[in-house]
file target-v7.txt (compact mmCIF, C-alpha atoms)
# COMPACT_ATOMS: atom_id res chain seq x y z
CA MET A 594 -60.74 148.09 44.38
CA LYS A 595 -59.03 145.53 42.24
CA PRO A 596 -56.38 146.69 39.74
CA SER A 597 -57.73 147.33 36.27
CA SER A 598 -56.87 145.07 33.38
CA SER A 599 -57.48 147.76 30.76
CA LEU A 600 -55.29 150.53 29.40
CA SER A 601 -56.02 154.21 28.84
CA ASN A 602 -54.98 155.98 25.64
CA ASP A 603 -52.22 157.72 27.60
CA GLN A 604 -50.87 154.38 28.84
CA LYS A 605 -50.99 152.92 25.33
CA LEU A 606 -49.02 155.91 24.06
CA LYS A 607 -46.43 155.39 26.82
CA ILE A 608 -46.06 151.76 25.70
CA CYS A 609 -45.32 152.99 22.19
CA HIS A 610 -42.75 155.48 23.51
CA HIS A 611 -41.12 152.82 25.70
CA LYS A 612 -40.80 150.58 22.65
CA ALA A 613 -39.28 153.44 20.66
CA ALA A 614 -36.75 154.07 23.43
CA ASN A 615 -35.94 150.35 23.64
CA PRO A 616 -36.16 149.04 20.07
CA SER A 617 -34.76 145.60 20.93
CA ILE A 618 -37.30 144.86 23.68
CA LYS A 619 -39.54 141.89 22.96
CA GLN A 620 -43.31 142.24 23.08
CA SER A 621 -43.56 139.77 25.99
CA ALA A 622 -41.10 141.89 28.00
CA LEU A 623 -43.01 145.02 26.99
CA ALA A 624 -46.22 143.45 28.27
CA ASN A 625 -44.59 142.65 31.63
CA TRP A 626 -43.25 146.20 31.83
CA ALA A 627 -46.75 147.59 31.19
CA MET A 628 -48.31 145.44 33.92
CA GLN A 629 -45.74 146.64 36.48
CA GLU A 630 -45.69 150.24 35.31
CA PHE A 631 -49.49 150.68 35.28
CA LYS A 632 -50.29 148.21 38.09
CA LEU A 633 -52.56 146.10 35.89
CA SER A 634 -54.35 143.03 37.22
CA LYS A 635 -52.92 140.85 34.46
CA VAL A 636 -50.27 140.90 31.75
CA PRO A 637 -51.59 142.26 28.41
CA THR A 638 -51.68 139.64 25.68
CA GLN A 639 -49.18 139.62 22.85
CA GLY A 640 -52.04 140.51 20.48
CA THR A 641 -52.93 143.54 22.59
CA ILE A 642 -49.32 144.84 22.58
CA SER A 643 -49.03 144.25 18.84
CA ASN A 644 -52.24 146.19 18.15
CA ILE A 645 -51.12 149.07 20.36
CA LEU A 646 -47.78 149.40 18.58
CA ALA A 647 -49.52 149.28 15.20
CA LYS A 648 -51.72 152.23 16.22
CA ARG A 649 -48.94 154.51 17.49
CA GLN A 650 -49.72 157.32 15.05
CA GLN A 651 -53.37 157.18 16.09
CA TYR A 652 -52.53 157.58 19.78
CA GLU A 653 -50.07 160.40 19.06
CA SER A 654 -52.80 162.31 17.22
CA ILE A 655 -55.32 162.11 20.07
CA ASP A 656 -56.24 165.39 21.72
CA SER A 657 -54.70 165.78 25.18
CA THR A 658 -58.16 165.95 26.76
CA GLU A 659 -58.89 162.43 25.53
CA LEU A 660 -55.65 160.76 26.59
CA THR A 661 -57.02 159.67 29.97
CA SER A 662 -60.00 157.89 28.39
CA LYS A 663 -59.72 154.23 27.46
CA ARG A 664 -61.30 154.47 24.06
CA GLN A 665 -61.93 157.12 21.46
CA ARG A 666 -65.69 157.41 21.23
CA ALA A 667 -66.55 157.20 17.58
CA VAL A 668 -69.95 157.97 16.13
CA LYS A 669 -70.95 154.61 14.68
CA HIS A 670 -73.41 156.00 12.14
CA PRO A 671 -72.58 159.65 11.32
CA GLU A 672 -74.81 159.44 8.26
CA LEU A 673 -77.81 158.96 10.55
CA ASP A 674 -76.82 162.00 12.61
CA ASN A 675 -76.51 164.02 9.40
CA GLU A 676 -79.88 162.82 8.13
CA LYS A 677 -81.52 163.78 11.43
CA ALA A 678 -79.86 167.21 11.20
CA CYS A 679 -81.27 167.74 7.70
CA GLN A 680 -84.70 166.62 8.89
CA PHE A 681 -84.64 169.21 11.70
CA ALA A 682 -83.48 171.88 9.26
CA ARG A 683 -86.41 171.12 6.93
CA GLN A 684 -88.91 171.23 9.79
CA LEU A 685 -87.50 174.57 10.99
CA GLU A 686 -87.59 175.90 7.37
CA LEU A 687 -83.98 177.03 7.55
CA GLY A 688 -83.44 176.65 3.81
CA GLU A 689 -79.94 177.65 2.78
CA ARG A 690 -79.21 178.75 6.35
CA THR A 691 -78.84 175.12 7.47
CA PRO A 692 -76.08 175.06 10.12
CA GLU A 693 -73.26 172.53 10.21
CA PHE A 694 -73.73 169.74 12.74
CA SER A 695 -70.78 167.96 14.30
CA ASN A 696 -70.54 164.20 14.55
CA GLY A 697 -72.14 163.09 17.81
CA TRP A 698 -74.42 166.13 18.12
CA LEU A 699 -77.48 163.89 18.54
CA ALA A 700 -76.03 162.06 21.54
CA LYS A 701 -75.08 165.38 23.15
CA LEU A 702 -78.61 166.71 22.51
CA ASN A 703 -80.06 163.68 24.27
CA ILE A 704 -77.85 164.25 27.31
CA ARG A 705 -78.61 167.98 27.44
CA HIS A 706 -82.38 167.55 27.36
CA GLY A 707 -82.70 164.39 29.42
CA PHE A 708 -83.54 161.97 26.62
CA LYS A 709 -82.60 158.50 27.79
CA ALA A 710 -81.73 155.44 25.76
CA GLN A 711 -83.75 152.69 27.40
CA LYS A 712 -84.25 149.00 26.92
CA SER A 713 -87.85 148.22 26.10
CA TYR A 714 -89.60 146.46 28.95
CA GLY A 715 -92.35 143.92 29.22
CA GLU A 716 -94.97 144.26 31.94
CA SER A 717 -93.15 143.68 35.19
CA GLY A 718 -94.78 141.81 38.02
CA SER A 719 -95.59 143.61 41.25
CA ALA A 720 -95.69 142.29 44.78
CA ASP A 721 -98.97 141.98 46.67
CA LEU A 722 -97.97 143.73 49.91
CA ASP A 723 -101.21 142.76 51.64
CA ALA A 724 -100.59 139.09 50.81
CA ILE A 725 -97.05 139.39 52.19
CA ASP A 726 -98.31 140.88 55.47
CA ARG A 727 -101.03 138.23 55.81
CA ASN A 728 -98.71 135.29 55.16
CA MET A 729 -95.51 136.43 56.87
CA PRO A 730 -96.38 135.03 60.32
CA THR A 731 -97.08 131.60 58.77
CA ILE A 732 -93.83 131.69 56.77
CA LYS A 733 -91.75 132.69 59.79
CA GLU A 734 -93.36 130.02 61.94
CA LYS A 735 -92.44 127.42 59.34
CA LEU A 736 -88.83 128.58 59.23
CA GLN A 737 -88.43 128.39 62.99
CA SER A 738 -88.41 124.59 62.78
CA TYR A 739 -85.22 124.54 60.69
CA SER A 740 -81.68 125.79 61.10
CA LEU A 741 -80.37 128.19 58.47
CA GLN A 742 -78.20 125.51 56.86
CA ASP A 743 -81.33 123.39 56.29
CA ILE A 744 -83.41 126.08 54.56
CA TYR A 745 -82.99 126.24 50.78
CA ASN A 746 -84.37 128.47 48.05
CA ILE A 747 -84.55 127.66 44.35
CA ASP A 748 -85.27 129.99 41.46
CA GLU A 749 -84.81 130.18 37.71
CA THR A 750 -83.49 132.92 35.48
CA ARG A 751 -82.88 133.39 31.78
CA LEU A 752 -79.52 134.49 30.48
CA PHE A 753 -79.08 136.04 27.04
CA TYR A 754 -75.48 135.03 26.97
CA ARG A 755 -74.49 137.00 23.86
CA MET A 756 -76.34 140.21 24.74
CA ALA A 757 -74.35 143.33 23.89
CA PRO A 758 -74.46 146.18 26.45
CA ASP A 759 -76.32 148.63 24.20
CA ARG A 760 -79.88 149.95 24.19
CA THR A 761 -82.40 151.64 21.96
CA ILE A 762 -82.77 155.40 21.92
CA ALA A 763 -85.99 156.75 23.47
CA GLN A 764 -87.35 159.01 26.20
CA ARG A 765 -90.06 156.51 27.10
CA GLN A 766 -90.33 152.76 27.16
CA ILE A 767 -90.92 151.42 23.67
CA GLU A 768 -91.41 148.19 21.87
CA GLY A 769 -89.72 146.76 18.86
CA SER A 770 -86.14 146.20 19.91
CA LYS A 771 -84.59 143.23 18.13
CA LYS A 772 -81.49 141.92 19.85
CA ASP A 773 -79.45 138.76 19.87
CA LYS A 774 -81.39 136.75 22.45
CA THR A 775 -79.60 133.47 22.32
CA ARG A 776 -80.59 132.23 25.73
CA LEU A 777 -80.18 129.62 28.41
CA THR A 778 -82.25 129.03 31.52
CA PHE A 779 -80.38 128.57 34.80
CA VAL A 780 -81.75 126.96 37.95
CA PHE A 781 -79.97 128.01 41.14
CA ALA A 782 -80.42 126.75 44.71
CA ALA A 783 -78.56 127.49 47.93
CA ASN A 784 -79.13 127.36 51.65
CA ALA A 785 -79.67 130.29 54.00
CA ASP A 786 -76.24 130.38 55.62
CA GLY A 787 -74.49 130.12 52.24
CA SER A 788 -72.64 126.94 53.15
CA HIS A 789 -74.10 124.92 50.26
CA LYS A 790 -74.54 126.10 46.69
CA MET A 791 -76.12 123.31 44.69
CA GLU A 792 -74.81 122.51 41.24
CA PRO A 793 -76.66 124.80 38.79
CA LEU A 794 -79.03 123.16 36.34
CA ILE A 795 -78.70 124.59 32.82
CA ILE A 796 -81.51 124.26 30.26
CA GLY A 797 -80.74 124.85 26.60
CA HIS A 798 -82.43 124.37 23.23
CA ALA A 799 -80.44 121.42 21.91
CA GLN A 800 -79.50 118.16 23.57
CA ARG A 801 -76.00 118.28 22.09
CA PRO A 802 -75.22 121.72 20.64
CA ARG A 803 -72.47 121.93 18.04
CA ALA A 804 -70.14 123.44 20.64
CA PHE A 805 -70.41 120.21 22.68
CA ASN A 806 -68.56 118.35 19.90
CA ARG A 807 -70.97 115.37 20.13
CA LYS A 808 -70.53 115.03 23.88
CA SER A 809 -73.29 115.20 26.46
CA GLY A 810 -73.58 117.95 29.04
CA GLU A 811 -72.67 115.47 31.77
CA GLN A 812 -69.53 114.38 29.90
CA LEU A 813 -68.50 118.03 29.81
CA GLY A 814 -69.07 118.47 33.54
CA PHE A 815 -72.49 120.14 33.60
CA TYR A 816 -75.95 119.33 34.90
CA TYR A 817 -77.66 120.02 31.58
CA ARG A 818 -81.12 119.41 30.14
CA SER A 819 -82.79 120.66 26.98
CA ASN A 820 -86.08 121.26 25.24
CA ALA A 821 -87.10 123.17 22.14
CA LYS A 822 -87.82 126.39 24.03
CA ALA A 823 -85.16 126.18 26.75
CA TRP A 824 -87.97 126.36 29.31
CA MET A 825 -88.24 124.99 32.81
CA THR A 826 -90.84 122.21 32.56
CA GLY A 827 -92.62 120.12 35.12
CA LEU A 828 -90.65 117.07 34.04
CA ILE A 829 -87.29 118.77 34.51
CA PHE A 830 -88.33 120.23 37.86
CA ARG A 831 -89.57 116.91 39.21
CA GLU A 832 -86.30 115.29 38.17
CA TRP A 833 -84.33 118.06 39.88
CA LEU A 834 -86.40 117.80 43.07
CA GLN A 835 -86.06 114.02 43.28
CA LYS A 836 -82.32 114.36 42.78
CA MET A 837 -82.15 116.87 45.65
CA ASP A 838 -84.19 114.56 47.86
CA GLN A 839 -81.77 111.70 47.14
CA GLN A 840 -78.79 113.92 47.98
CA MET A 841 -80.37 114.81 51.32
CA GLN A 842 -81.11 111.15 52.03
CA ASP A 843 -77.46 110.32 51.39
CA ALA A 844 -76.39 113.12 53.75
CA ASN A 845 -79.00 112.11 56.36
CA ARG A 846 -80.50 115.61 56.35
CA LYS A 847 -84.08 116.90 56.56
CA VAL A 848 -84.44 120.24 54.77
CA LEU A 849 -87.03 122.83 53.81
CA LEU A 850 -87.18 124.06 50.20
CA LEU A 851 -88.72 127.47 49.53
CA LEU A 852 -90.01 128.07 46.01
CA ASP A 853 -92.51 130.13 44.09
CA ASN A 854 -95.71 128.75 42.60
CA ALA A 855 -94.60 128.73 38.96
CA LEU A 856 -96.43 126.38 36.62
CA SER A 857 -93.50 123.99 36.37
CA HIS A 858 -93.14 123.62 40.14
CA VAL A 859 -95.36 120.56 40.34
CA VAL A 860 -94.78 118.47 43.46
CA ARG A 861 -97.97 116.41 43.67
CA ASP A 862 -97.52 112.66 44.02
CA LEU A 863 -93.75 112.92 44.49
CA PRO A 864 -92.53 110.50 47.20
CA LEU A 865 -90.17 112.94 48.93
CA THR A 866 -88.65 111.79 52.21
CA ASN A 867 -86.00 114.37 53.12
CA VAL A 868 -87.16 117.56 51.39
CA GLN A 869 -90.25 119.42 52.53
CA VAL A 870 -91.53 121.93 50.00
CA PHE A 871 -93.00 125.29 51.01
CA LEU A 872 -94.62 127.35 48.25
CA PHE A 873 -94.56 131.13 48.58
CA PRO A 874 -97.99 132.78 48.15
CA ALA A 875 -98.71 134.20 44.71
CA ASN A 876 -97.38 137.69 43.90
CA THR A 877 -95.02 137.82 46.87
CA THR A 878 -91.74 136.38 45.65
CA SER A 879 -90.25 139.64 44.34
CA LYS A 880 -90.12 140.86 47.94
CA ILE A 881 -89.46 137.74 50.00
CA GLN A 882 -87.58 135.26 47.81
CA PRO A 883 -83.83 135.29 48.61
CA MET A 884 -82.71 134.45 45.06
CA ASP A 885 -84.53 137.60 43.91
CA ALA A 886 -82.91 139.62 46.70
CA GLY A 887 -79.49 139.72 45.07
CA ILE A 888 -78.15 136.20 44.59
CA ILE A 889 -79.09 135.96 40.91
CA ALA A 890 -77.88 139.54 40.40
CA ALA A 891 -74.52 138.58 41.93
CA PHE A 892 -74.29 135.71 39.45
CA LYS A 893 -75.04 137.98 36.51
CA ARG A 894 -72.48 140.58 37.56
CA ARG A 895 -69.82 137.93 37.49
CA TYR A 896 -71.00 136.43 34.21
CA ARG A 897 -71.05 139.83 32.49
CA ARG A 898 -67.55 140.53 33.82
CA PHE A 899 -66.31 137.44 31.95
CA GLN A 900 -68.28 138.41 28.84
CA LEU A 901 -67.20 142.06 28.65
CA GLN A 902 -63.54 141.31 29.27
CA ASP A 903 -63.67 138.77 26.46
CA ALA A 904 -65.36 141.36 24.22
CA ILE A 905 -62.60 143.89 25.00
CA ASP A 906 -59.93 141.34 24.14
CA ARG A 907 -61.71 140.47 20.88
CA ASP A 908 -62.08 144.12 19.99
CA GLU A 909 -58.40 144.82 20.60
CA GLN A 910 -57.61 141.89 18.31
CA GLN A 911 -59.92 143.47 15.70
CA LYS A 912 -62.22 140.47 15.59
CA ALA A 913 -65.70 140.72 14.13
CA ASN A 914 -68.83 140.23 16.25
CA ILE A 915 -67.06 140.60 19.56
CA TYR A 916 -70.02 139.37 21.64
CA LYS A 917 -70.53 136.13 19.75
CA VAL A 918 -69.48 133.19 21.90
CA ASP A 919 -70.63 129.60 21.70
CA GLN A 920 -72.86 127.94 24.26
CA LEU A 921 -70.12 125.88 25.88
CA ILE A 922 -67.99 128.95 26.61
CA ALA A 923 -71.04 130.71 28.06
CA MET A 924 -71.76 127.70 30.28
CA LYS A 925 -68.16 127.64 31.53
CA TRP A 926 -68.32 131.34 32.37
CA ALA A 927 -71.65 130.81 34.12
CA LYS A 928 -70.35 127.91 36.20
CA ALA A 929 -67.29 129.93 37.22
CA ALA A 930 -69.51 132.93 38.04
CA TRP A 931 -71.75 130.83 40.31
CA ASN A 932 -68.75 129.25 42.04
CA ASP A 933 -67.28 132.71 42.66
CA ILE A 934 -70.23 133.90 44.76
CA SER A 935 -69.20 133.82 48.41
CA SER A 936 -71.18 132.28 51.25
CA LYS A 937 -71.34 135.74 52.83
CA THR A 938 -73.06 137.16 49.78
CA ILE A 939 -75.68 134.41 49.78
CA ALA A 940 -76.29 134.61 53.54
CA ASN A 941 -76.57 138.39 53.28
CA CYS A 942 -79.25 138.12 50.59
CA PHE A 943 -81.29 135.73 52.71
CA LYS A 944 -81.00 138.10 55.68
CA HIS A 945 -82.43 140.98 53.67
CA THR A 946 -85.76 139.29 52.90
CA GLY A 947 -88.82 139.46 55.13
CA PRO A 948 -88.85 135.86 56.38
CA PHE A 949 -85.28 136.18 57.70
CA GLU A 950 -85.46 139.65 59.22
CA ARG A 951 -84.61 138.24 62.64
CA GLU A 952 -81.09 137.67 61.25
CA THR A 953 -80.63 141.07 59.59
CA GLN A 954 -77.15 142.53 60.02
CA LYS A 955 -75.07 145.20 58.38
CA ASN A 956 -74.35 144.43 54.75
CA GLU A 957 -70.96 142.74 54.88
CA VAL A 958 -70.37 142.21 51.19
CA GLY A 959 -71.83 145.27 49.49
CA SER A 960 -68.37 146.59 48.72
CA GLU A 961 -67.50 143.38 46.88
CA GLU A 962 -70.53 143.74 44.58
CA GLN A 963 -69.83 147.45 44.13
CA ASP A 964 -66.27 146.69 43.05
CA ILE A 965 -67.60 144.35 40.36
CA GLU A 966 -70.09 146.99 39.20
CA ASN A 967 -67.24 149.48 38.90
CA GLU A 968 -65.33 146.96 36.79
CA LEU A 969 -68.39 146.55 34.55
CA LYS A 970 -68.73 150.32 34.14
CA ASP A 971 -65.06 150.52 33.17
CA ALA A 972 -65.49 147.69 30.66
CA ILE A 973 -68.60 149.25 29.08
CA ASN A 974 -66.71 152.52 28.62
CA GLN A 975 -64.02 150.70 26.66
CA LEU A 976 -66.32 148.98 24.20
CA PRO A 977 -67.18 150.45 20.79
CA ILE A 978 -70.83 151.29 21.45
CA SER A 979 -72.48 154.67 21.07
CA ARG A 980 -75.42 154.14 23.45
CA PRO A 981 -74.22 152.02 26.37
CA MET A 982 -76.48 150.34 28.89
CA SER A 983 -76.18 151.18 32.55
CA VAL A 984 -74.81 148.39 34.72
CA HIS A 985 -78.26 147.98 36.27
CA GLU A 986 -79.80 147.38 32.85
CA LEU A 987 -77.05 144.96 31.93
CA ILE A 988 -77.56 142.70 34.93
CA ASN A 989 -81.34 143.16 35.28
CA PRO A 990 -82.85 143.14 31.77
CA GLU A 991 -86.59 142.66 32.02
CA GLU A 992 -86.60 139.89 29.43
CA GLU A 993 -84.29 137.73 31.55
CA GLN A 994 -86.69 137.91 34.46
CA GLN A 995 -89.56 136.52 32.39
CA VAL A 996 -88.70 132.84 32.71
CA ALA A 997 -91.08 130.60 30.79
CA HIS A 998 -92.53 127.64 32.66
CA GLU A 999 -94.59 124.76 31.37
CA GLU A 1000 -96.76 122.54 33.55
CA ILE A 1001 -96.19 118.83 33.34
CA SER A 1002 -98.10 116.94 30.65
CA ASP A 1003 -99.08 113.31 30.18
CA GLU A 1004 -96.15 112.98 27.78
CA ASP A 1005 -93.84 114.32 30.49
CA LEU A 1006 -95.15 111.76 32.95
CA LEU A 1007 -94.35 108.98 30.50
CA LYS A 1008 -90.82 110.35 30.09
CA LEU A 1009 -90.46 110.64 33.87
CA SER A 1010 -91.49 107.00 34.28
CA SER A 1011 -88.83 106.01 31.75
CA PHE A 1012 -86.25 108.15 33.60
CA GLN A 1013 -87.07 106.46 36.92
CA ASP A 1014 -86.67 103.02 35.35
CA GLN A 1015 -83.20 104.02 34.07
CA GLU A 1016 -82.26 105.42 37.49
CA LYS A 1017 -83.14 102.11 39.17
CA GLU A 1018 -80.95 100.30 36.67
CA GLY A 1019 -78.06 102.67 37.38
CA ARG A 1020 -78.01 104.17 33.87
CA TRP A 1021 -78.06 107.92 34.72

call {"tool": "encode", "arguments": {"input": "target-v7.txt", "output": "structure tokens"}}
result
Amino acid sequence: MKPSSSLSNDQKLKICHHKAANPSIKQSALANWAMQEFKLSKVPTQGTISNILAKRQQYESIDSTELTSKRQRAVKHPELDNEKACQFARQLELGERTPEFSNGWLAKLNIRHGFKAQKSYGESGSADLDAIDRNMPTIKEKLQSYSLQDIYNIDETRLFYRMAPDRTIAQRQIEGSKKDKTRLTFVFAANADGSHKMEPLIIGHAQRPRAFNRKSGEQLGFYYRSNAKAWMTGLIFREWLQKMDQQMQDANRKVLLLLDNALSHVVRDLPLTNVQVFLFPANTTSKIQPMDAGIIAAFKRRYRRFQLQDAIDRDEQQKANIYKVDQLIAMKWAKAAWNDISSKTIANCFKHTGPFERETQKNEVGSEEQDIENELKDAINQLPISRPMSVHELINPEEEQQVAHEEISDEDLLKLSSFQDQEKEGRW
């Protein structure tokens, strides 16, 4: 497991004591001492050291049982706990015999009786197992004609890039949760042996968001498109597919592209020469599509690792709204997260889907993903939230799986014609 970058209360107290014993030591030297002493993965920032020293009295007053934790769990809204206590007292007709309730009693009650704080879900799609069984021989026969490096899969996912790792309180799935759902749509594609991860396509709401500082996505180093709803549309997909076909022509390769039958995946009348498209049967992709078998989840683990570490740093610097980042920062984290996924991880995910069962081997990279999940758990425990999400909820929120697609329209076709004219003139 990788060294942690976070500090426990006990370690923070030791930093304060080391400073007291060495009053002339500079904060930069103190940060280096802390990294070596506690075997941290990186040197604490000057702001972190400054905040720790300013809170010395707070750390010295912590109960010994809490010193090993990395954050004092505070009840964010004790007045709500107290109001709920009074409500129970009234319902039990305790009158003047109302007992005293400690802060945090409600959370402890939930744990004791199995009440779970859950994220509200939409209706999740289910796989048609009969359809999978019927179509698997045809799918496998198709794959036999291609080497693993020439078989690609594409899929889309939403990303609520500011989403905080908290959830609503309930024992059953409920509706009505209102969260910060600033979102982007990502389009990922890779081949079956993991040797080629294509540049991710990012779809946002605005052509040039304020964070772009009047530059285009391409000028900033991204493959970026936009529409009012940040949806994948037929126009954008056709552009992406033609671009892939051109790349394969340039590389003198003939490849097979596996994709689901989403509304936007319109391939009719496209003059493809080097990419053959194979559509998965309806209601089967959740079981047989490699991107759904762990590749997108691997991306989201890595993105959330960037996000939560940034939130911890912001919290230690006492900044407001610690999850609020601009779109450009989110896109940079996302690009780095995608680039960090190893070829072994991608190949392993392909091997664990039905069409590629002939290649199934022992999971070679599970420990890598588990290490990242452990880092995420550690980060969640440090953040000032009273009802934290599980790691599974954080990387698999139902809303992110409900990618909106729009079939191509006559207006899109006109735009596509204009795009092709510009491409011929070398203007894209």

call {"tool": "closest_residue", "arguments": {"input": "target-v7.txt", "among": "A:Ala785, A:Met729, A:Ile978, A:Leu969", "to": "Asn746 (chain A)", "atoms": "all atoms listed in the file"}}
result
A:Ala785

call {"tool": "closest_residue", "arguments": {"input": "target-v7.txt", "among": "A:Thr877, A:Gln882, A:Gln963, A:Gln910", "to": "Asp723 (chain A)", "atoms": "all atoms listed in the file"}}
result
A:Thr877

call {"tool": "closest_residue", "arguments": {"input": "target-v7.txt", "among": "A:Pro990, A:Pro758, A:Pro730, A:Pro616", "to": "Ala890 (chain A)", "atoms": "only C-alpha atoms"}}
result
A:Pro990

call {"tool": "closest_residue", "arguments": {"input": "target-v7.txt", "among": "A:Ile732, A:Ser935, A:Ala875, A:Val870", "to": "Arg895 (chain A)", "atoms": "only C-alpha atoms"}}
result
A:Ser935

call {"tool": "residues_around", "arguments": {"input": "target-v7.txt", "residues": "His610 (chain A)", "least_positions_apart": "4", "cutoff": "10 Å", "atoms": "only C-alpha atoms", "output": "list in words"}}
result
Gln604, Lys605, Leu606, Ala614, Asn615, Pro616, Leu646, Arg649 and Glu653 of chain A

call {"tool": "closest_residue", "arguments": {"input": "target-v7.txt", "among": "A:Ala627, A:Val780, A:Trp926, A:Asp603", "to": "Gln651 (chain A)", "atoms": "only C-alpha atoms"}}
result
A:Asp603

call {"tool": "residues_around", "arguments": {"input": "target-v7.txt", "residues": "Asp908 (chain A)", "least_positions_apart": "6", "cutoff": "12 Å", "atoms": "only C-alpha atoms", "output": "PDB file with C-alpha atoms, in the coordinates of the input"}}
result
ATOM      1  CA  GLY A 640     -52.040 140.510  20.480  1.00  0.00           C
ATOM      2  CA  THR A 641     -52.930 143.540  22.590  1.00  0.00           C
ATOM      3  CA  ASN A 644     -52.240 146.190  18.150  1.00  0.00           C
ATOM      4  CA  ARG A 664     -61.300 154.470  24.060  1.00  0.00           C
ATOM      5  CA  LEU A 901     -67.200 142.060  28.650  1.00  0.00           C
ATOM      6  CA  GLN A 902     -63.540 141.310  29.270  1.00  0.00           C
ATOM      7  CA  ASN A 914     -68.830 140.230  16.250  1.00  0.00           C
ATOM      8  CA  ILE A 915     -67.060 140.600  19.560  1.00  0.00           C
ATOM      9  CA  TYR A 916     -70.020 139.370  21.640  1.00  0.00           C
ATOM     10  CA  LYS A 917     -70.530 136.130  19.750  1.00  0.00           C
ATOM     11  CA  ALA A 972     -65.490 147.690  30.660  1.00  0.00           C
ATOM     12  CA  GLN A 975     -64.020 150.700  26.660  1.00  0.00           C
ATOM     13  CA  LEU A 976     -66.320 148.980  24.200  1.00  0.00           C
ATOM     14  CA  PRO A 977     -67.180 150.450  20.790  1.00  0.00           C
ATOM     15  CA  ILE A 978     -70.830 151.290  21.450  1.00  0.00           C
TER      16      ILE A 978
END

call {"tool": "residues_around", "arguments": {"input": "target-v7.txt", "residues": "Thr638 (chain A)", "least_positions_apart": "3", "cutoff": "12 Å", "atoms": "all atoms listed in the file", "output": "PDB file with C-alpha atoms, in the coordinates of the input"}}
result
ATOM      1  CA  SER A 598     -56.870 145.070  33.380  1.00  0.00           C
ATOM      2  CA  SER A 599     -57.480 147.760  30.760  1.00  0.00           C
ATOM      3  CA  GLN A 620     -43.310 142.240  23.080  1.00  0.00           C
ATOM      4  CA  SER A 621     -43.560 139.770  25.990  1.00  0.00           C
ATOM      5  CA  ALA A 622     -41.100 141.890  28.000  1.00  0.00           C
ATOM      6  CA  LEU A 623     -43.010 145.020  26.990  1.00  0.00           C
ATOM      7  CA  ALA A 624     -46.220 143.450  28.270  1.00  0.00           C
ATOM      8  CA  ASN A 625     -44.590 142.650  31.630  1.00  0.00           C
ATOM      9  CA  ALA A 627     -46.750 147.590  31.190  1.00  0.00           C
ATOM     10  CA  MET A 628     -48.310 145.440  33.920  1.00  0.00           C
ATOM     11  CA  LYS A 635     -52.920 140.850  34.460  1.00  0.00           C
ATOM     12  CA  THR A 641     -52.930 143.540  22.590  1.00  0.00           C
ATOM     13  CA  ILE A 642     -49.320 144.840  22.580  1.00  0.00           C
ATOM     14  CA  SER A 643     -49.030 144.250  18.840  1.00  0.00           C
ATOM     15  CA  ASN A 644     -52.240 146.190  18.150  1.00  0.00           C
ATOM     16  CA  ILE A 645     -51.120 149.070  20.360  1.00  0.00           C
ATOM     17  CA  ILE A 905     -62.600 143.890  25.000  1.00  0.00           C
ATOM     18  CA  ASP A 906     -59.930 141.340  24.140  1.00  0.00           C
ATOM     19  CA  ARG A 907     -61.710 140.470  20.880  1.00  0.00           C
ATOM     20  CA  GLU A 909     -58.400 144.820  20.600  1.00  0.00           C
ATOM     21  CA  GLN A 910     -57.610 141.890  18.310  1.00  0.00           C
TER      22      GLN A 910
END

call {"tool": "residues_near_point", "arguments": {"input": "target-v7.txt", "point": "(-80.5, 127.0, 43.2)", "cutoff": "10 Å", "atoms": "all atoms listed in the file", "output": "ChimeraX atom specification"}}
result
/A:745-749,779-784,789-794,852,884,888-889,931

call {"tool": "atom_distance", "arguments": {"input": "target-v7.txt", "atom1": "CA of Lys970 (chain A)", "atom2": "CA of Val984 (chain A)"}}
result
6.4 Å

call {"tool": "closest_residue", "arguments": {"input": "target-v7.txt", "among": "A:Ala799, A:Val859, A:Ala757, A:Leu872", "to": "Thr731 (chain A)", "atoms": "only C-alpha atoms"}}
result
A:Leu872

call {"tool": "atom_distance", "arguments": {"input": "target-v7.txt", "atom1": "CA of Gln835 (chain A)", "atom2": "CA of Gln994 (chain A)"}}
result
25.5 Å

call {"tool": "atom_distance", "arguments": {"input": "target-v7.txt", "atom1": "CA of Ala923 (chain A)", "atom2": "CA of Ile939 (chain A)"}}
result
22.5 Å

call {"tool": "residues_around", "arguments": {"input": "target-v7.txt", "residues": "Arg898 (chain A)", "least_positions_apart": "5", "cutoff": "9 Å", "atoms": "all atoms listed in the file", "output": "list in words"}}
result
Lys893, Asp903, Ala930, Ile965, Glu966, Glu968, Leu969 and Ala972 of chain A

call {"tool": "residues_around", "arguments": {"input": "target-v7.txt", "residues": "Ile988 (chain A)", "least_positions_apart": "5", "cutoff": "9 Å", "atoms": "only C-alpha atoms", "output": "VMD selection string"}}
result
chain A and resid 890 to 894 897 983

call {"tool": "axis_aligned_box", "arguments": {"input": "target-v7.txt", "around": "region 819-827 of chain A", "padding_each_side": "6 Å", "output": "JSON"}}
result
{"center_x": -87.7, "center_y": 123.3, "center_z": 28.6, "size_x": 21.8, "size_y": 18.3, "size_z": 25.0}
